[in-house]
Amino acid sequence: MFDEKIPEIELTTGKFVEICITQDEVEKNDIRYITQIIQQLKELKTQARQKIKIVFSGWEEENKEIYEIEAIRKWMSNVFEEYPYMFYFLTNVDDHAKKILCCISDYEQITIEKNEIDRLAYDETTKIIRTEIQLSKKLKEKLLYSILDYCRSIEEKDAVIMHVSTQLFF
């Protein structure tokens, strides 16, 4: 059913593929397409590191980040339960991996106050929001150990394992 949708994952350094998940797939909690993508990525082993960006269609009219949409949070949590090592495959271009991490964890949005905007010499109309990810110890351990186990299973280099793991937390 989804075979015709599966893109070829480019192996060129620096390139990634956007994987589009529809609102219908999210609302039906259908993870078959992303499962097929992950299977394809697993076949590529170390060449699949940071090769995908998951985007969602159907919420274009909403002025929200993906982690602010409850249906997407639930869908991503289900994908994470099935594939906790998925962060190995996610690009961090535009903080994408961190936005996905916000989908499966608690987060807090902090708006910078006007006096801070003045101090930083930003325009008053600029609204700056910083998002802090609040990972429980259990979730942090699951993330780290699953990435570590997956990386070792594909014989990834230690330096790469460290890079993939730390980019999520810093």
# chains A, B, ... in the order shown; residues from 1 in each chain; ligands from 1
>>> select_by_dssp(residues="chain A", states="strand (DSSP E)", output="short mmCIF file (atom, residue, chain, number, x, y, z; two decimals) with N, CA and C atoms, in the first residue's frame")
data_model
loop_
_atom_site.label_atom_id
_atom_site.label_comp_id
_atom_site.auth_asym_id
_atom_site.auth_seq_id
_atom_site.Cartn_x
_atom_site.Cartn_y
_atom_site.Cartn_z
N VAL A 17 16.05 13.40 3.67
CA VAL A 17 14.77 13.26 2.98
C VAL A 17 13.66 13.64 3.94
N GLU A 18 12.70 14.42 3.46
CA GLU A 18 11.52 14.73 4.26
C GLU A 18 10.52 13.60 4.10
N ILE A 19 10.09 13.06 5.22
CA ILE A 19 9.09 12.01 5.25
C ILE A 19 7.79 12.66 5.68
N CYS A 20 6.81 12.69 4.79
CA CYS A 20 5.55 13.37 5.07
C CYS A 20 4.53 12.39 5.65
N ILE A 21 4.06 12.71 6.83
CA ILE A 21 3.04 11.92 7.51
C ILE A 21 1.75 12.73 7.46
N THR A 22 0.68 12.10 7.00
CA THR A 22 -0.59 12.81 6.85
C THR A 22 -1.36 12.88 8.16
N ILE A 52 16.74 11.64 7.81
CA ILE A 52 15.32 11.98 7.59
C ILE A 52 14.85 13.13 8.48
N LYS A 53 13.84 13.78 7.96
CA LYS A 53 13.10 14.81 8.69
C LYS A 53 11.63 14.43 8.54
N ILE A 54 10.95 14.26 9.65
CA ILE A 54 9.53 13.89 9.63
C ILE A 54 8.70 15.18 9.63
N VAL A 55 7.88 15.33 8.60
CA VAL A 55 6.99 16.49 8.52
C VAL A 55 5.55 15.99 8.52
N PHE A 56 4.65 16.85 8.93
CA PHE A 56 3.25 16.47 9.07
C PHE A 56 2.38 17.38 8.22
N SER A 57 1.50 16.77 7.41
CA SER A 57 0.57 17.56 6.60
C SER A 57 -0.82 17.48 7.21
N ASP A 106 8.01 16.09 28.18
CA ASP A 106 7.46 17.35 28.67
C ASP A 106 8.36 18.48 28.20
N TYR A 107 7.80 19.64 28.06
CA TYR A 107 8.58 20.80 27.66
C TYR A 107 7.94 22.04 28.27
N GLU A 108 8.71 23.09 28.33
CA GLU A 108 8.21 24.36 28.83
C GLU A 108 8.64 25.45 27.86
N GLN A 109 7.69 26.28 27.48
CA GLN A 109 8.02 27.41 26.61
C GLN A 109 8.18 28.65 27.47
N ILE A 110 9.30 29.30 27.28
CA ILE A 110 9.62 30.48 28.07
C ILE A 110 9.72 31.67 27.12
N THR A 111 8.87 32.66 27.36
CA THR A 111 8.89 33.88 26.54
C THR A 111 9.86 34.86 27.18
N ILE A 129 10.59 32.99 21.96
CA ILE A 129 10.22 31.90 22.85
C ILE A 129 11.35 30.88 22.84
N ARG A 130 11.73 30.48 24.01
CA ARG A 130 12.72 29.42 24.15
C ARG A 130 11.99 28.19 24.68
N THR A 131 12.27 27.06 24.13
CA THR A 131 11.63 25.83 24.57
C THR A 131 12.65 24.99 25.33
N GLU A 132 12.30 24.66 26.56
CA GLU A 132 13.16 23.80 27.37
C GLU A 132 12.54 22.42 27.42
N ILE A 133 13.34 21.43 27.07
CA ILE A 133 12.88 20.04 27.10
C ILE A 133 13.12 19.50 28.50
N GLN A 134 12.08 18.86 29.05
CA GLN A 134 12.18 18.31 30.39
C GLN A 134 12.07 16.78 30.31
#
>>> atom_distance(atom1="atom CA of Leu139 of chain A", atom2="atom CA of Val79 of chain A")
14.1 Å
>>> residues_around(residues="Ser77 of chain A", least_positions_apart="5", cutoff="9 Å", atoms="only C-alpha atoms", output="PDB file with N, CA and C atoms, in the first residue's frame")
ATOM      1  N   ILE A  72      -0.246  14.620  17.214  1.00  0.00           N
ATOM      2  CA  ILE A  72       1.124  14.341  16.759  1.00  0.00           C
ATOM      3  C   ILE A  72       1.965  13.828  17.922  1.00  0.00           C
ATOM      4  N   GLU A  82       7.924   1.949  19.669  1.00  0.00           N
ATOM      5  CA  GLU A  82       8.291   0.875  18.736  1.00  0.00           C
ATOM      6  C   GLU A  82       9.761   0.970  18.308  1.00  0.00           C
ATOM      7  N   CYS A 103       8.003  16.207  21.292  1.00  0.00           N
ATOM      8  CA  CYS A 103       6.751  15.473  21.074  1.00  0.00           C
ATOM      9  C   CYS A 103       6.586  14.319  22.057  1.00  0.00           C
ATOM     10  N   ILE A 104       7.695  13.758  22.510  1.00  0.00           N
ATOM     11  CA  ILE A 104       7.601  12.574  23.371  1.00  0.00           C
ATOM     12  C   ILE A 104       7.937  12.878  24.824  1.00  0.00           C
ATOM     13  N   SER A 105       8.192  14.140  25.133  1.00  0.00           N
ATOM     14  CA  SER A 105       8.579  14.504  26.495  1.00  0.00           C
ATOM     15  C   SER A 105       7.790  15.726  26.951  1.00  0.00           C
TER      16      SER A 105
END
>>> closest_residue(among="A:Lys15, A:Arg49, A:Lys74, A:Lys99", to="Ile147 of chain A", atoms="only C-alpha atoms")
A:Arg49
